[in-house]
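entry06.cif (mmCIF, C-alpha atoms) appears below.
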```
data_structure
loop_
_atom_site.label_atom_id
_atom_site.label_comp_id
_atom_site.auth_asym_id
_atom_site.auth_seq_id
_atom_site.Cartn_x
_atom_site.Cartn_y
_atom_site.Cartn_z
CA MET A 1 0.00 0.00 0.00
CA LYS A 2 1.51 3.31 -1.08
CA ILE A 3 1.15 6.10 1.47
CA VAL A 4 1.16 9.78 0.57
CA LEU A 5 1.45 12.42 3.26
CA GLU A 6 0.43 15.61 1.50
CA HIS A 7 1.78 18.68 3.29
CA ILE A 8 0.42 17.61 6.67
CA SER A 9 0.90 19.78 9.76
CA LYS A 10 -0.16 19.35 13.36
CA ARG A 11 -0.56 22.31 15.72
CA TYR A 12 -1.67 22.43 19.34
CA PRO A 13 -2.70 25.42 21.47
CA ASN A 14 0.26 26.62 23.50
CA ARG A 15 -0.06 25.41 27.10
CA ASP A 16 1.44 28.65 28.36
CA LYS A 17 -1.60 30.93 28.22
CA LYS A 18 0.57 33.98 28.83
CA VAL A 19 2.48 33.27 25.62
CA GLY A 20 -0.60 32.19 23.67
CA GLY A 21 -0.47 31.10 20.05
CA VAL A 22 0.15 27.53 18.94
CA PHE A 23 2.85 24.89 19.15
CA THR A 24 3.72 23.22 15.84
CA ALA A 25 4.57 19.55 16.34
CA VAL A 26 4.72 18.66 12.63
CA ASP A 27 5.23 21.30 9.97
CA ASP A 28 4.41 20.83 6.25
CA PHE A 29 5.41 17.16 6.19
CA ASP A 30 5.35 16.06 2.54
CA LEU A 31 6.37 12.48 1.75
CA THR A 32 5.50 9.53 -0.46
CA ILE A 33 6.15 6.06 0.96
CA PRO A 34 6.31 3.39 -1.77
CA ASP A 35 4.33 0.18 -1.51
CA GLY A 36 6.07 -2.62 0.38
CA LYS A 37 8.93 -0.55 1.78
CA LEU A 38 10.21 -0.22 5.34
CA ILE A 39 10.68 3.46 6.12
CA GLY A 40 12.25 4.84 9.29
CA LEU A 41 11.21 8.11 10.91
CA LEU A 42 14.36 9.14 12.73
CA GLY A 43 15.14 12.06 14.99
CA PRO A 44 15.63 13.22 18.57
CA SER A 45 12.86 13.15 21.17
CA GLY A 46 10.24 15.80 20.47
CA CYS A 47 10.91 16.07 16.73
CA GLY A 48 7.38 14.94 15.74
CA LYS A 49 7.99 11.28 14.81
CA SER A 50 5.26 9.74 16.96
CA THR A 51 2.83 12.56 16.14
CA THR A 52 3.31 11.81 12.45
CA LEU A 53 2.73 8.11 13.08
CA ASN A 54 -0.42 8.87 15.08
CA MET A 55 -1.78 10.93 12.18
CA ILE A 56 -1.13 8.05 9.77
CA CYS A 57 -2.89 5.69 12.17
CA GLY A 58 -5.82 8.04 12.74
CA LEU A 59 -5.27 8.64 16.45
CA GLU A 60 -4.53 12.28 15.61
CA ALA A 61 -6.12 14.44 12.92
CA PRO A 62 -3.83 16.73 10.91
CA THR A 63 -4.42 20.45 11.30
CA GLU A 64 -3.61 20.83 7.62
CA GLY A 65 -2.93 18.53 4.68
CA LYS A 66 -4.19 15.13 3.55
CA ILE A 67 -3.24 11.49 4.01
CA TRP A 68 -3.71 8.99 1.19
CA PHE A 69 -3.56 5.19 1.28
CA GLY A 70 -3.21 4.36 -2.38
CA ASP A 71 -5.97 6.32 -4.13
CA THR A 72 -8.11 6.61 -0.99
CA ASP A 73 -8.19 9.78 1.10
CA VAL A 74 -8.10 8.51 4.69
CA THR A 75 -7.59 11.88 6.37
CA ASN A 76 -10.93 11.75 8.17
CA LEU A 77 -11.28 7.97 8.54
CA THR A 78 -11.27 6.45 12.04
CA PRO A 79 -8.38 4.10 12.89
CA GLU A 80 -10.43 0.91 12.61
CA LEU A 81 -11.36 1.77 9.01
CA ARG A 82 -7.80 2.43 7.83
CA GLY A 83 -6.54 -1.16 7.88
CA VAL A 84 -3.44 -0.45 9.95
CA GLY A 85 -1.66 -2.51 12.56
CA MET A 86 0.21 -0.63 15.27
CA VAL A 87 2.86 -1.75 17.76
CA PHE A 88 3.54 0.66 20.59
CA GLN A 89 6.59 1.23 22.75
CA SER A 90 4.64 -0.43 25.56
CA TYR A 91 3.62 -3.95 24.56
CA ALA A 92 0.12 -3.38 26.04
CA LEU A 93 -0.55 -7.10 26.45
CA TYR A 94 -3.42 -8.30 28.64
CA PRO A 95 -1.72 -10.04 31.59
CA HIS A 96 -4.67 -12.32 32.38
CA MET A 97 -4.85 -13.65 28.82
CA THR A 98 -2.70 -16.29 27.14
CA VAL A 99 -0.59 -15.46 24.09
CA ARG A 100 -3.27 -17.05 21.89
CA GLN A 101 -5.99 -14.90 23.45
CA ASN A 102 -3.90 -11.73 23.17
CA ILE A 103 -3.26 -12.28 19.48
CA MET A 104 -6.88 -13.24 18.81
CA PHE A 105 -8.36 -10.24 20.61
CA PRO A 106 -8.47 -7.86 17.57
CA LEU A 107 -10.25 -10.55 15.52
CA GLU A 108 -12.95 -11.03 18.15
CA ASN A 109 -13.92 -7.37 17.77
CA LEU A 110 -14.61 -7.64 14.04
CA LYS A 111 -18.26 -7.13 13.19
CA GLY A 112 -20.62 -7.41 10.23
CA PRO A 113 -19.20 -8.87 7.01
CA ASP A 114 -15.68 -8.86 8.50
CA LYS A 115 -16.63 -11.18 11.38
CA LEU A 116 -14.72 -14.47 11.35
CA SER A 117 -15.56 -17.96 12.51
CA LYS A 118 -13.72 -19.39 15.53
CA ASP A 119 -11.81 -21.82 13.30
CA GLU A 120 -10.69 -19.01 10.99
CA MET A 121 -9.57 -16.90 13.93
CA LEU A 122 -7.53 -19.78 15.35
CA ARG A 123 -5.97 -20.41 11.94
CA ARG A 124 -4.92 -16.77 11.63
CA VAL A 125 -3.53 -16.71 15.16
CA GLU A 126 -1.38 -19.78 14.50
CA GLU A 127 -0.21 -18.33 11.20
CA ALA A 128 0.80 -15.02 12.80
CA ALA A 129 2.51 -16.85 15.68
CA ARG A 130 4.53 -18.98 13.25
CA LEU A 131 5.58 -15.87 11.36
CA VAL A 132 7.09 -14.30 14.49
CA GLN A 133 8.32 -17.71 15.73
CA ILE A 134 6.31 -17.97 18.95
CA ASP A 135 3.94 -20.76 17.87
CA GLU A 136 5.21 -22.96 20.73
CA LEU A 137 4.33 -20.30 23.32
CA LEU A 138 0.62 -19.82 22.60
CA ASP A 139 -0.52 -21.18 25.96
CA ARG A 140 1.79 -18.99 28.05
CA LYS A 141 0.86 -15.74 29.71
CA PRO A 142 2.88 -12.52 29.22
CA ASN A 143 4.57 -12.66 32.64
CA GLU A 144 6.02 -16.07 31.70
CA MET A 145 7.87 -14.61 28.70
CA SER A 146 10.97 -12.53 28.05
CA GLY A 147 10.77 -8.95 26.79
CA GLY A 148 11.70 -10.04 23.27
CA GLN A 149 8.99 -12.72 23.26
CA GLN A 150 6.40 -10.23 24.49
CA GLN A 151 7.40 -7.87 21.70
CA ARG A 152 6.81 -10.65 19.17
CA VAL A 153 3.35 -11.20 20.63
CA ALA A 154 2.59 -7.51 20.10
CA ILE A 155 3.79 -7.73 16.49
CA ALA A 156 1.73 -10.88 15.87
CA ARG A 157 -1.35 -9.14 17.28
CA ALA A 158 -0.80 -6.27 14.83
CA LEU A 159 -0.29 -8.67 11.89
CA VAL A 160 -3.21 -11.00 12.59
CA LYS A 161 -5.70 -8.61 10.97
CA THR A 162 -3.58 -8.68 7.76
CA PRO A 163 -3.17 -4.89 7.80
CA LYS A 164 -2.36 -2.82 4.74
CA VAL A 165 0.14 -0.78 6.78
CA LEU A 166 2.24 -1.72 9.82
CA LEU A 167 3.24 1.09 12.21
CA LEU A 168 5.97 0.56 14.81
CA ASP A 169 6.44 3.25 17.47
CA GLU A 170 9.86 2.72 19.11
CA PRO A 171 9.13 -1.00 19.56
CA LEU A 172 12.62 -1.92 20.77
CA SER A 173 13.27 0.73 23.40
CA ASN A 174 12.34 -1.55 26.34
CA LEU A 175 14.74 -4.33 25.31
CA ASP A 176 18.34 -4.87 26.32
CA ALA A 177 21.13 -4.43 23.76
CA ARG A 178 21.32 -8.05 22.60
CA LEU A 179 17.53 -8.42 22.32
CA ARG A 180 17.32 -5.15 20.39
CA LEU A 181 19.74 -6.55 17.83
CA THR A 182 17.94 -9.87 17.32
CA THR A 183 14.44 -8.33 17.40
CA ARG A 184 15.23 -5.67 14.81
CA GLU A 185 16.54 -8.42 12.52
CA GLU A 186 13.26 -10.27 13.07
CA ILE A 187 11.26 -7.15 12.20
CA ARG A 188 13.18 -6.86 8.93
CA ARG A 189 12.63 -10.55 8.15
CA ILE A 190 8.89 -10.33 8.90
CA GLN A 191 8.52 -7.19 6.79
CA ARG A 192 10.23 -8.82 3.82
CA GLU A 193 8.15 -11.99 4.11
CA THR A 194 4.83 -10.16 4.36
CA GLY A 195 5.61 -7.26 1.99
CA ILE A 196 3.56 -4.93 4.21
CA THR A 197 4.38 -1.23 3.95
CA THR A 198 5.98 -0.50 7.31
CA ILE A 199 6.85 2.72 9.12
CA PHE A 200 9.35 2.39 11.94
CA VAL A 201 9.76 5.23 14.45
CA THR A 202 12.99 5.42 16.43
CA HIS A 203 15.51 7.86 17.88
CA ASP A 204 18.24 5.21 17.53
CA GLN A 205 20.08 5.91 14.28
CA GLU A 206 21.81 2.49 14.32
CA GLU A 207 18.43 0.73 14.34
CA ALA A 208 17.08 2.83 11.50
CA MET A 209 20.18 2.52 9.35
CA SER A 210 20.42 -1.26 9.78
CA ILE A 211 16.91 -2.32 8.70
CA CYS A 212 15.21 0.52 6.78
CA ASP A 213 14.97 0.88 3.00
CA GLU A 214 14.92 4.66 3.49
CA ILE A 215 15.16 6.98 6.46
CA VAL A 216 13.43 10.30 7.07
CA VAL A 217 15.51 12.48 9.40
CA MET A 218 13.36 14.96 11.33
CA GLU A 219 14.10 18.00 13.47
CA ARG A 220 11.48 20.09 15.29
CA GLY A 221 8.64 18.83 13.14
CA ILE A 222 10.26 19.26 9.73
CA ILE A 223 11.96 16.87 7.33
CA ARG A 224 15.70 17.55 7.14
CA GLN A 225 16.61 14.78 4.68
CA VAL A 226 15.18 11.66 3.05
CA GLY A 227 17.15 8.87 1.43
CA LYS A 228 18.82 5.50 1.66
CA PRO A 229 20.57 5.18 5.02
CA GLN A 230 24.13 4.93 3.67
CA TYR A 231 23.60 7.80 1.25
CA VAL A 232 22.25 10.08 3.98
CA TYR A 233 25.21 9.16 6.19
CA ASP A 234 27.73 9.81 3.41
CA GLU A 235 26.06 12.85 1.89
CA PRO A 236 24.25 14.86 4.63
CA ASP A 237 22.41 17.94 3.39
CA ASN A 238 23.10 19.91 6.55
CA LEU A 239 25.04 20.00 9.80
CA PHE A 240 22.12 18.63 11.85
CA VAL A 241 21.91 15.42 9.79
CA SER A 242 25.68 14.95 9.80
CA LYS A 243 25.81 15.26 13.61
CA PHE A 244 22.78 13.05 14.22
CA LEU A 245 24.02 10.09 12.16
CA GLY A 246 27.13 8.18 13.07
CA THR A 247 28.68 6.34 16.02
CA PRO A 248 31.08 7.71 17.13
CA PRO A 249 29.61 11.04 15.96
CA ILE A 250 31.19 13.28 13.37
CA ASN A 251 33.86 15.69 14.63
CA VAL A 252 32.89 19.32 14.04
CA PHE A 253 35.41 22.16 13.92
CA GLU A 254 35.21 25.90 13.42
CA GLY A 255 36.96 26.71 10.19
CA ARG A 256 37.29 29.12 7.33
CA ILE A 257 37.96 29.05 3.62
CA GLU A 258 40.58 31.34 2.10
CA ARG A 259 41.55 31.20 -1.57
CA GLU A 260 40.17 27.66 -1.98
CA SER A 261 42.03 26.35 1.07
CA LEU A 262 40.35 25.05 4.19
CA PHE A 263 41.70 26.14 7.55
CA ILE A 264 40.95 24.63 10.95
CA GLY A 265 42.23 27.19 13.43
CA THR A 266 45.50 28.42 11.94
CA GLN A 267 46.25 25.12 10.20
CA GLU A 268 45.69 24.72 6.46
CA VAL A 269 44.33 21.19 6.20
CA LEU A 270 42.74 20.69 2.79
CA ASP A 271 42.40 22.08 -0.72
CA VAL A 272 38.74 22.86 -1.48
CA PRO A 273 38.62 23.99 -5.12
CA GLY A 274 35.43 25.81 -6.00
CA ALA A 275 34.50 26.77 -2.43
CA LEU A 276 33.98 30.45 -1.63
CA ASP A 277 35.83 32.32 1.10
CA GLY A 278 34.20 32.67 4.50
CA PRO A 279 33.66 31.06 7.92
CA VAL A 280 32.46 27.45 7.86
CA SER A 281 31.76 24.47 10.07
CA VAL A 282 33.92 21.49 9.18
CA GLY A 283 32.67 17.95 9.79
CA VAL A 284 35.16 15.08 9.68
CA ARG A 285 33.97 11.52 10.23
CA PRO A 286 36.07 9.55 12.77
CA GLU A 287 37.35 7.39 9.93
CA GLY A 288 38.44 10.49 7.99
CA PHE A 289 41.69 11.03 9.93
CA VAL A 290 44.98 9.51 8.71
CA PRO A 291 47.91 9.69 11.18
CA GLU A 292 51.03 11.07 9.48
CA PRO A 293 54.24 12.45 11.01
CA ASP A 294 53.91 15.64 8.96
CA GLY A 295 50.09 15.82 8.81
CA PRO A 296 48.72 19.37 8.68
CA LEU A 297 46.18 19.00 11.53
CA VAL A 298 48.00 19.09 14.87
CA CYS A 299 45.99 17.90 17.88
CA LYS A 300 46.71 17.34 21.55
CA LEU A 301 46.87 13.60 22.25
CA ILE A 302 44.72 12.39 25.16
CA ALA A 303 44.54 8.60 24.79
CA VAL A 304 44.97 5.70 22.39
CA GLU A 305 42.43 2.88 22.72
CA ARG A 306 43.14 -0.43 20.95
CA MET A 307 39.92 -2.08 19.77
CA GLY A 308 41.09 -5.15 17.85
CA ARG A 309 41.00 -4.35 14.17
CA ASP A 310 40.75 -0.59 14.80
CA THR A 311 42.40 1.95 17.04
CA SER A 312 40.54 4.89 18.58
CA VAL A 313 42.59 8.03 19.03
CA VAL A 314 41.14 10.48 21.56
CA ALA A 315 42.48 13.99 21.12
CA SER A 316 41.52 17.66 21.43
CA HIS A 317 41.79 20.76 19.29
CA ASP A 318 41.05 24.39 20.12
CA ALA A 319 38.71 24.69 17.11
CA HIS A 320 36.72 21.53 17.96
CA ASP A 321 33.17 22.17 19.17
CA GLY A 322 33.44 19.61 21.98
CA VAL A 323 35.81 18.71 24.78
CA GLN A 324 37.27 15.76 22.88
CA MET A 325 37.50 14.54 19.30
CA ARG A 326 37.77 10.92 18.26
CA ALA A 327 39.53 9.38 15.26
CA ILE A 328 39.16 5.74 14.20
CA VAL A 329 42.33 4.55 12.45
CA SER A 330 43.78 1.23 11.34
CA SER A 331 45.29 -0.98 14.02
CA ASP A 332 48.51 -0.89 11.94
CA ALA A 333 48.77 2.89 12.35
CA ARG A 334 51.74 3.95 14.45
CA ILE A 335 50.84 6.43 17.16
CA ASP A 336 53.54 7.72 19.48
CA THR A 337 51.76 7.41 22.80
CA LYS A 338 54.60 9.21 24.57
CA SER A 339 54.09 12.36 22.50
CA ASP A 340 51.86 15.23 23.64
CA THR A 341 50.54 15.71 20.10
CA VAL A 342 49.30 13.68 17.16
CA ARG A 343 49.17 14.85 13.52
CA PHE A 344 46.59 13.91 10.95
CA ARG A 345 45.96 14.20 7.24
CA ILE A 346 42.26 14.77 6.46
CA ARG A 347 40.54 12.57 3.87
CA PRO A 348 38.43 14.83 1.60
CA GLU A 349 35.85 12.09 0.93
CA LYS A 350 35.14 11.92 4.67
CA THR A 351 35.06 15.70 5.15
CA ARG A 352 31.92 17.79 4.82
CA ILE A 353 31.76 21.59 4.93
CA PHE A 354 28.72 23.55 6.12
CA ASP A 355 27.75 27.21 6.19
CA ALA A 356 28.69 28.59 9.60
CA GLU A 357 25.34 30.39 9.99
CA THR A 358 22.71 28.24 8.26
CA GLY A 359 24.33 24.83 8.66
CA GLU A 360 23.59 24.00 5.02
CA ARG A 361 26.07 21.91 3.02
CA ILE A 362 28.79 23.63 0.98
CA HIS A 363 30.15 21.51 -1.88
CA PHE A 364 33.66 21.56 -3.25
CA PHE A 365 35.41 19.75 -6.10
CA GLY A 366 37.13 16.57 -5.01
CA GLU A 367 34.65 15.43 -2.36
CA THR A 368 32.76 12.20 -2.97
CA MET A 369 29.21 12.98 -4.11
CA GLU A 370 27.28 9.91 -5.19
CA GLU A 371 23.72 10.02 -6.40
CA PRO A 372 21.25 7.55 -4.81
CA ALA A 373 21.29 5.41 -7.99
CA GLU A 374 25.07 5.13 -7.75
CA VAL A 375 24.80 4.09 -4.11
CA MET A 376 22.26 1.40 -5.04
CA ALA A 377 24.55 0.08 -7.78
CA ARG A 378 27.52 0.00 -5.39
CA GLU A 379 25.48 -1.85 -2.73
CA ALA A 380 24.27 -4.35 -5.35
CA ARG A 381 27.84 -5.03 -6.41
CA ALA A 382 28.90 -5.48 -2.79
CA ASN A 383 26.06 -7.94 -2.10
CA ALA A 384 26.48 -9.93 -5.32
CA LYS A 385 27.67 -13.50 -4.95
CA PRO A 386 31.08 -14.08 -6.55
CA VAL A 387 31.05 -16.18 -9.70
CA ALA A 388 33.25 -19.24 -9.47
CA PRO A 389 36.01 -19.27 -12.13
CA GLN A 390 35.58 -21.76 -14.96
CA THR A 391 38.09 -24.55 -15.14
CA GLY A 392 38.70 -27.67 -17.22
CA ALA A 393 35.78 -28.72 -19.39
CA ASP A 394 33.65 -25.81 -18.13
CA ALA A 395 36.11 -23.21 -19.49
#
```
Could the structure of this file be written out as structure tokens, please?
Amino acid sequence: MKIVLEHISKRYPNRDKKVGGVFTAVDDFDLTIPDGKLIGLLGPSGCGKSTTLNMICGLEAPTEGKIWFGDTDVTNLTPELRGVGMVFQSYALYPHMTVRQNIMFPLENLKGPDKLSKDEMLRRVEEAARLVQIDELLDRKPNEMSGGQQQRVAIARALVKTPKVLLLDEPLSNLDARLRLTTREEIRRIQRETGITTIFVTHDQEEAMSICDEIVVMERGIIRQVGKPQYVYDEPDNLFVSKFLGTPPINVFEGRIERESLFIGTQEVLDVPGALDGPVSVGVRPEGFVPEPDGPLVCKLIAVERMGRDTSVVASHDAHDGVQMRAIVSSDARIDTKSDTVRFRIRPEKTRIFDAETGERIHFFGETMEEPAEVMAREARANAKPVAPQTGADA
């Protein structure tokens, strides 16, 4: 089911009566979600993700704009008429009911021509339970299950009605780190098997980047960027997106451009042909630093942390916007831990420059700028199975 959010906004009266006016939770949100895709709404708390999801579900009505499911305008339809399944942050399972009864509950409320026989309801429950791999737990009660198992029950309950759209509102936030990893992989598997258009709300950028076909990065109710996760990470449109995506986060410095040269503090670190003079913010991904004895960027060395295949270099620089900066370098890199300083060369393909006032991206010749189609082609090549070489009679 294709979903079109046509310039939707949501405004509430300001709670502070002295200030008056309105608070805008979602502002002119315009997006088309293709049929059968898993889309992530990503952003910090309070950016409007859940409000947007509630408007898609029908729990909230947009102040402006329209919502389309395919060719049907569902803006004013009640939730039960939209054909959506929703999984909340809280599992909201009935503690006195078994897993079977919890999953069956939405089917028992169907009326009129949609009403099902008991046998059909049981068949659907077992089918949904098999899909989320809890078919052996149908006679248990929620308090006899782990958090991950309870989450699967909630997903099965949402799927049992065969919804056109599946909405997931931070479904993994109550799980521990290992369960989060396995459950998000299960969500991706289930989505691919069912082909249901799915919208996944999270503030965890690692979750969104690992399972979503596309991510929508939001800030204060507006869309800041939409695209494939790796493309958005590599090619952020603005400073907000670049800082929000990435672990460890991007290192941001105060800089300036003079005669097509980029300066961080007093140090000339990179040629930026085509860029105009002026103050800028410089973002360098942790993997964008190359230790070199005569590197142009001189930093104060704080610590060197060996992490197996990689080494994390913790340092500081007067132009850095935080207390510490972090570089991820090869484990083969030689760092003099007895020195007070460490020098780096900056990789242009891992460096992004932003306007110092607006935070918008400034492009320069020599940086890597791939279009989404190029990213897709590169990912396809990376995922392709190698072809065995022909030998003997096969040659």
| the PyMOL selection byres ((chain A and resi 345-362) around 10) applied to the shown file, residues as a VMD selection string | chain A and resid 234 to 242 250 to 257 262 269 to 272 274 to 276 278 to 298 343 to 344 363 to 369
Evaluate the PyMOL selection byres ((chain A and resi 226) around 8) on the structure here and hand back the selected residues as a PDB file with C-alpha atoms, in the frame of the given file.
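Listed below is the output, part01.pdb:
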```pdb
ATOM      1  CA  GLU A 214      14.920   4.660   3.490  1.00  0.00           C
ATOM      2  CA  ILE A 215      15.160   6.980   6.460  1.00  0.00           C
ATOM      3  CA  VAL A 216      13.430  10.300   7.070  1.00  0.00           C
ATOM      4  CA  VAL A 217      15.510  12.480   9.400  1.00  0.00           C
ATOM      5  CA  ILE A 223      11.960  16.870   7.330  1.00  0.00           C
ATOM      6  CA  ARG A 224      15.700  17.550   7.140  1.00  0.00           C
ATOM      7  CA  GLN A 225      16.610  14.780   4.680  1.00  0.00           C
ATOM      8  CA  GLY A 227      17.150   8.870   1.430  1.00  0.00           C
ATOM      9  CA  LYS A 228      18.820   5.500   1.660  1.00  0.00           C
ATOM     10  CA  VAL A 232      22.250  10.080   3.980  1.00  0.00           C
TER      11      VAL A 232
END
```
| Expanded to explicit residues, what is the PyMOL selection byres ((chain A and resi 324) around 12) for this file, as a ChimeraX atom specification? | /A:248-253,286,299-303,313-323,325-327
File dump, residues just selected, C-alpha atoms, as a JSON list (two decimals), keeping the file's coordinate frame:
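Listed below is the output, out-v9.json:
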```
[["chain", "number", "residue", "atom", "x", "y", "z"],
["A", 248, "PRO", "CA", 31.08, 7.71, 17.13],
["A", 249, "PRO", "CA", 29.61, 11.04, 15.96],
["A", 250, "ILE", "CA", 31.19, 13.28, 13.37],
["A", 251, "ASN", "CA", 33.86, 15.69, 14.63],
["A", 252, "VAL", "CA", 32.89, 19.32, 14.04],
["A", 253, "PHE", "CA", 35.41, 22.16, 13.92],
["A", 286, "PRO", "CA", 36.07, 9.55, 12.77],
["A", 299, "CYS", "CA", 45.99, 17.90, 17.88],
["A", 300, "LYS", "CA", 46.71, 17.34, 21.55],
["A", 301, "LEU", "CA", 46.87, 13.60, 22.25],
["A", 302, "ILE", "CA", 44.72, 12.39, 25.16],
["A", 303, "ALA", "CA", 44.54, 8.60, 24.79],
["A", 313, "VAL", "CA", 42.59, 8.03, 19.03],
["A", 314, "VAL", "CA", 41.14, 10.48, 21.56],
["A", 315, "ALA", "CA", 42.48, 13.99, 21.12],
["A", 316, "SER", "CA", 41.52, 17.66, 21.43],
["A", 317, "HIS", "CA", 41.79, 20.76, 19.29],
["A", 318, "ASP", "CA", 41.05, 24.39, 20.12],
["A", 319, "ALA", "CA", 38.71, 24.69, 17.11],
["A", 320, "HIS", "CA", 36.72, 21.53, 17.96],
["A", 321, "ASP", "CA", 33.17, 22.17, 19.17],
["A", 322, "GLY", "CA", 33.44, 19.61, 21.98],
["A", 323, "VAL", "CA", 35.81, 18.71, 24.78],
["A", 325, "MET", "CA", 37.50, 14.54, 19.30],
["A", 326, "ARG", "CA", 37.77, 10.92, 18.26],
["A", 327, "ALA", "CA", 39.53, 9.38, 15.26]]
```
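Taking only C-alpha atoms into account, Gly85 (chain A) lies nearest to A:Val160 out of the set A:Ile3, A:Leu175, A:Val160, A:Ile134.
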| task | Would you mind listing what lies within 10 Å of Arg140 (chain A) as number ranges by chain, with only C-alpha atoms counted and same-chain residues fewer than 2 positions away left out? | result | A: 97-101, 136-138, 142-145
| said: I'd like the contact shell of region 161-169 of chain A - 8 Å cut-off, only C-alpha atoms, skipping same-chain residues fewer than 4 positions apart - returned as a PyMOL selection string. | reply: chain A and resi 1+50+53+57+83-89+106-107+157+196-202
| Could you tell me, as a PyMOL selection string, which residues have any atom at most 12 Å from (-11.9, 6.5, 11.1), counting all atoms listed in the file? | chain A and resi 55-61+73-84
| request: Name the residues in contact with Ser90 (chain A) at a cut-off of 12 Å, using only C-alpha atoms, excluding same-chain residues fewer than 3 positions from it; report them as a VMD selection string. | output: chain A and resid 86 to 87 93 to 94 147 150 to 151 153 to 155 168 to 175
Could the residues in this selection be written to a file with C-alpha atoms, as a CSV table (one decimal), keeping the file's coordinate frame?
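Output saved as again_10.csv:
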```csv
chain,number,residue,atom,x,y,z
A,86,MET,CA,0.2,-0.6,15.3
A,87,VAL,CA,2.9,-1.8,17.8
A,93,LEU,CA,-0.6,-7.1,26.4
A,94,TYR,CA,-3.4,-8.3,28.6
A,147,GLY,CA,10.8,-9.0,26.8
A,150,GLN,CA,6.4,-10.2,24.5
A,151,GLN,CA,7.4,-7.9,21.7
A,153,VAL,CA,3.4,-11.2,20.6
A,154,ALA,CA,2.6,-7.5,20.1
A,155,ILE,CA,3.8,-7.7,16.5
A,168,LEU,CA,6.0,0.6,14.8
A,169,ASP,CA,6.4,3.2,17.5
A,170,GLU,CA,9.9,2.7,19.1
A,171,PRO,CA,9.1,-1.0,19.6
A,172,LEU,CA,12.6,-1.9,20.8
A,173,SER,CA,13.3,0.7,23.4
A,174,ASN,CA,12.3,-1.6,26.3
A,175,LEU,CA,14.7,-4.3,25.3
```
| task | Could you tell me which of A:Ala158, A:Ile8, A:Val304, A:Ala208 comes closest to Arg180 (chain A) if we count all atoms listed in the file? | result | A:Ala208
| query | For Lys10 (chain A), which residue out of A:Thr51, A:Gln149, A:Thr32, A:Thr72 is the nearest one, using only C-alpha atoms? | reply | A:Thr51
At a cut-off of 10 Å, using only C-alpha atoms, what residues contact Glu64 (chain A)? Leave out same-chain residues fewer than 5 positions from it and give the result as a short mmCIF file (atom, residue, chain, number, x, y, z; two decimals) with C-alpha atoms, keeping the file's coordinate frame.
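The new file around09.cif reads:
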```cif
data_model
loop_
_atom_site.label_atom_id
_atom_site.label_comp_id
_atom_site.auth_asym_id
_atom_site.auth_seq_id
_atom_site.Cartn_x
_atom_site.Cartn_y
_atom_site.Cartn_z
CA GLU A 6 0.43 15.61 1.50
CA HIS A 7 1.78 18.68 3.29
CA ILE A 8 0.42 17.61 6.67
CA SER A 9 0.90 19.78 9.76
CA LYS A 10 -0.16 19.35 13.36
CA ARG A 11 -0.56 22.31 15.72
CA VAL A 26 4.72 18.66 12.63
CA ASP A 27 5.23 21.30 9.97
CA ASP A 28 4.41 20.83 6.25
CA PHE A 29 5.41 17.16 6.19
CA THR A 75 -7.59 11.88 6.37
#
```
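Taking CA of Asp114 (chain A) as the reference point, CA of Phe69 (chain A) is found at 19.9 Å.
Taking CA of Gly148 (chain A) and CA of Ile211 (chain A) as endpoints, the distance between them is 17.3 Å.
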| query | Rounded to one decimal in Å, what is the spacing between CA of Val329 (chain A) and CA of Gly43 (chain A)? | reply | 28.3 Å
